[in-house]
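Report on the following structure.
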Amino acid sequence: MDKSYNPQAIEQYWYQIWEQKGYFTPQGKDSSYCIMIPPPNVTGHLHMGHAFQNAIMDALIRYHRMRGDKTLWQVGADHAGIATQMVVENQLNAEGKTRHDLGREVFIQRVWAWKEHSGGTITRQLRRMGASVDWSRERFTMDEGLSQAVCEVFVRLYDEGLLYRGQRLVNWDPVLHTAISDLEVTSEEENSHLWHMRYPLSDGSGHLVVATTRPETMLGDTAVAVHPEDPRYQHLIGKTVALPLADRTIPVVADDYVEPEFGSGCVKITPAHDFNDYEVGQRHKLPLINIFTVDASLNENVPEKYQGLDRFEARKLVVADLEAAGLLEKIEDHKLMVPRGDRSRTVIEPYLTDQWFVKTAPLAEPAIQAVENGQIRFIPENWNKIYFEWMRNIQDWCISRQIWWGHRIPAWYDPEGKIYVASTETQARQKYNLPPDLPLEQDPDVLDTWFSSALWPFSTLGWPEKTSSLQAFYPTSVLVTGFDIIFFWVARMIMMGLKFTGEVPFHEVYIHGLVRDAEGQKMSKSKGNVLDPLDLIDGIDLETLVTKRIGGLMQPAMAKRIEKATRKEFPQGIPSFGCDALRFTFAILATRGRDIRFDLGRIEGYRNFCNKLWNAARYVLMNASSEIVAEKQSKPEQTEANFMLGAPERWIISRFQSTTQEVIEGIENYRFDRAAQAIYDFTWNEYCDWYLELSKPVLNNPASPEAAKRGTRHTLLHVLEALLRLAHPIIPFITEEIWQQVGPLAGCPGKTIMLQPYPRPETDKIDEKAVAEIEWVIAFVTGVRSIRSQMNIAPGKPIPLLLQAGTARDQDWLKSNQNFLSALAKLDSIQWLKDETPPPAATALVDELKLLIPLAGLIDKEAELKRLDREMQKMRKDLARVQEKLANSNYVERAPAEIVAKERQRAQEVAAALNTLAQQQAEIADLNP
């Protein structure tokens, strides 16, 4: 093995081997295990959330593949209708063109060309992350097969009366010129105004005052509503008011929707431009007057002077005209939630238009029952409540979009507007027995992207055909996803899966948290705190990182702020950490349901962990490989009977069984943090820090029996080999590289670790006695090392050790482990005191046993007292500074609670350290000169 661990030298090499050899394809004869990748948008690239999610999925896939399951990780990408069309339209705009200049067919060809050019970004990044997806089955939501499934579902829903076309209010994006779903609207609080307007009563007896946040929509009002029990207005119900500026009269209606306590208790009703008003209008059979164009400009249904004005320009003119007419009572400052499109960021308009809808209530009921009866389990379970709340209040789903890129709606219209639904025009003519000369025109709209992705678990496996893949892998095993698309995607997959296959699409849904920065802030381009996972894997220099983070930001102040923050946080850029270090960091941070604070210091620590594993493997190979090869050549029949396993061997083997159980329980219960921590603790603290050291006194002592040396070598090798298999799902590259040398020595058949059996705990190898004995050895050595550290005694200086008290068991273990204790604690003598009084000594305890190190002659008394005094003075200043800060009430009240808590903890730690140093000072002062 190379002297140092270099992830760049091995990671891409091994991934190419795995893919070329077909190791990712489903293998095994046991039960099937399948995960559907949440298909990333073809427009994008992997961000930290994707990388985290994919690391978790890959760990599950690799684990089950090694467990012998027939394992499939289905890969693919989503066509991302609106997002992708926006990218290509922006390209055209830069050329001074629009999609209408090209025409629909040519524009779609251009989108496909762009997809082919840029669509490989995600696949390259997935490969770099080590994702063991089956690339031979890669799908795209606009593939021919998936498009057939989409048509099949649309037609069947329509034929069953679960899909209809109707004129209803939708969320309309005036920039994209399409309807969008409620889930694609983000509402944010903004400062605005509340305009109070006077509507004169038609009989001249006065006026009503209504308040609105959108005065321009008054031109589409068709009523004023009051509460039926409001005594102020009961006498006016049924009368009319003159609609200002519009030369129309509208009725006063009574409706429970009105809150008498809000404003004047009178509400303007604009059924074509407000969702609540629409419902009121339906109850009172009010006309719907649409006053907007697709651009949110005012149309021909308003007075001529307002026609063609943008909605916000029209607002200014309407308010001015009301004021001039004496009909504006007052204007108040007001905060309100403003709906914006998550893609265009424009203010969304409720807009009356013809759209296609899915009746969701009949589909939602069985989807609710599937979670209630345990067919589907959310992890963590608290997401059940949120899922139920949304599903029990679900609205019909608007599935049509007024764009060109996507699945064209399979519906045709004759000249009279009659609708014919079928997968193709030919099938429509056959289905409805239409004459060949009847002209038909296909609906120009496309389907919501989420309509096709709702079919992903079964359409990717070949549905509606009863393929072998569908039979083998559906229902799938688990869905790994973020909480932000439970309603976009998860709920719709459950509804569609149950409807069209009769089975749930997956048995478990693991909901993970968001990846945030080290301060807990959401990562976003505008904050300049985005981390690209590939930059962490391969490294990036500072100047490139600054340029990348600023990107296309046009605001100089924002760009300058991001540049300054980036240079401060990463003065040297970002070093290369390697993929395994990043994956291990994700695993150990994956606590159930909590958001993840990603700190660069953590990934640095886990890169060190990989280095530790690498160096341990080098030690094992240098100390075991040649001897084991020689033994196999001379004595191929070698068995465990020829080995002598001492307490350290029995201890590490026993601890490995317990660790294996912890890791398996962690993975199977989606506690990847616990699984990763168990691997880390065993590897670093037990195998590397202790067992490797315990092996040296045996291997380096010429007097050690050969059987003991054989036992030590084989334990070093076989525990390492099993540990590599245990850790492989989380850190696949380094484990494969090391296993290639360790596996053959350990007698493992096969060409890759990823197809080796996953370790299983062997309870017969758990040796509690050996565990207790070696834990005593560790406590003994740790006690001596602690005294060395406290008394500033050089780590390598041989020292005498006195023992006092203790039990017969301590004496037995001392006798059987004296060679380990002397070697690891660097002792030149061990003396057990009986009744004599010990000399001045530093003390440590191992249960009842006292460890005493006489200090006379080991330290320079005067120099050590001076050193301790300097250190204590420094600590007192530090403590005084912290205490002064905590005594400041302004600081305690205004500083973030977590910062104050850290300062208090710091004060406690410094005080405790001062106390320890004072004790050391007293002990040294008592020494004879």
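Quick note on naming: the chains in the structure tokens go A, B, ... in the order shown, residues restart at 1 in each chain, and ligands are numbered from 1 in order of appearance.
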Pull the closest atom pair for each residue of segment 568-679 of chain A that gets at most 10 Å from segment 543-550 of chain A, along with the distance in Å to one decimal, counting only C-alpha atoms, ordering rows by chain and then ascending residue number, as JSON lines.
{"residue": "A:Phe570", "atom": "CA", "partner": "A:Leu545", "partner_atom": "CA", "distance": 8.9}
{"residue": "A:Pro571", "atom": "CA", "partner": "A:Glu543", "partner_atom": "CA", "distance": 9.7}
{"residue": "A:Gln572", "atom": "CA", "partner": "A:Glu543", "partner_atom": "CA", "distance": 9.4}
{"residue": "A:Gly573", "atom": "CA", "partner": "A:Leu545", "partner_atom": "CA", "distance": 6.9}
{"residue": "A:Ile574", "atom": "CA", "partner": "A:Leu545", "partner_atom": "CA", "distance": 8.2}
Dump N, CA, C and O atoms for the selected residues as an mmCIF file, in the first residue's frame?
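Result file out.cif:
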data_model
loop_
_atom_site.group_PDB
_atom_site.id
_atom_site.type_symbol
_atom_site.label_atom_id
_atom_site.label_comp_id
_atom_site.auth_asym_id
_atom_site.auth_seq_id
_atom_site.Cartn_x
_atom_site.Cartn_y
_atom_site.Cartn_z
ATOM 1 N N PHE A 570 -12.890 30.832 4.151
ATOM 2 C CA PHE A 570 -11.990 29.882 3.471
ATOM 3 C C PHE A 570 -10.756 30.609 2.924
ATOM 4 O O PHE A 570 -10.604 30.736 1.707
ATOM 5 N N PRO A 571 -9.893 31.121 3.788
ATOM 6 C CA PRO A 571 -8.743 31.910 3.302
ATOM 7 C C PRO A 571 -7.818 31.112 2.394
ATOM 8 O O PRO A 571 -7.121 31.703 1.565
ATOM 9 N N GLN A 572 -7.812 29.798 2.517
ATOM 10 C CA GLN A 572 -6.962 28.954 1.667
ATOM 11 C C GLN A 572 -7.777 28.153 0.655
ATOM 12 O O GLN A 572 -7.272 27.203 0.059
ATOM 13 N N GLY A 573 -9.053 28.521 0.460
ATOM 14 C CA GLY A 573 -9.922 27.685 -0.364
ATOM 15 C C GLY A 573 -10.380 26.479 0.431
ATOM 16 O O GLY A 573 -10.322 26.459 1.667
ATOM 17 N N ILE A 574 -10.843 25.456 -0.263
ATOM 18 C CA ILE A 574 -11.289 24.232 0.391
ATOM 19 C C ILE A 574 -10.377 23.097 -0.044
ATOM 20 O O ILE A 574 -10.230 22.842 -1.240
#
Selection: 12 Å around Trp813 of chain A, only C-alpha atoms, excl. self and same-chain fewer than 2 positions, as a PyMOL selection string: chain A and resi 647+769-770+772-778+780+806-811+815-821+849
I need the residues of segment 310-473 of chain A that end up classed as strand (DSSP E or B) by DSSP on the backbone, written out as a PyMOL selection string. chain A and resi 310+328-341+347+349-358+377-379+397-398+400-401+408+411-413+419-421+441-442+446-447
Excluding Thr212 of chain A and its own-chain neighbours fewer than 3 positions away, which residues fall within 7 Å of it when counting only C-alpha atoms? Please give them as a PDB file with C-alpha atoms, in the first residue's frame.
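This is the output file selection-v5.pdb:
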ATOM      1  CA  LEU A 194     -54.983  48.617   3.434  1.00  0.00           C
ATOM      2  CA  TRP A 195     -57.178  50.919   1.346  1.00  0.00           C
ATOM      3  CA  HIS A 196     -60.617  51.812   2.768  1.00  0.00           C
ATOM      4  CA  PRO A 215     -57.801  48.145  -4.939  1.00  0.00           C
TER       5      PRO A 215
END
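The closest residue to Leu621 of chain A, picked from A:Pro732, A:Gly711, A:Gly528, A:Gly743 and counting only C-alpha atoms, is A:Gly743.
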From atom CA of Val338 of chain A to atom CA of Thr186 of chain A the spacing works out at 8.2 Å
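The shell of residues at most 12 Å from Lys359 of chain A, with only C-alpha atoms counted and near chain neighbours (fewer than 4 positions) removed, consists of Leu157, Tyr158, Glu160, Gly161, Leu162, Leu163, Tyr164, Arg165, Gly166, Leu363, Ala364, Glu365, Ile394, Gln395, Asp396, Trp397, Cys398, Ile399 and Met495 of chain A.
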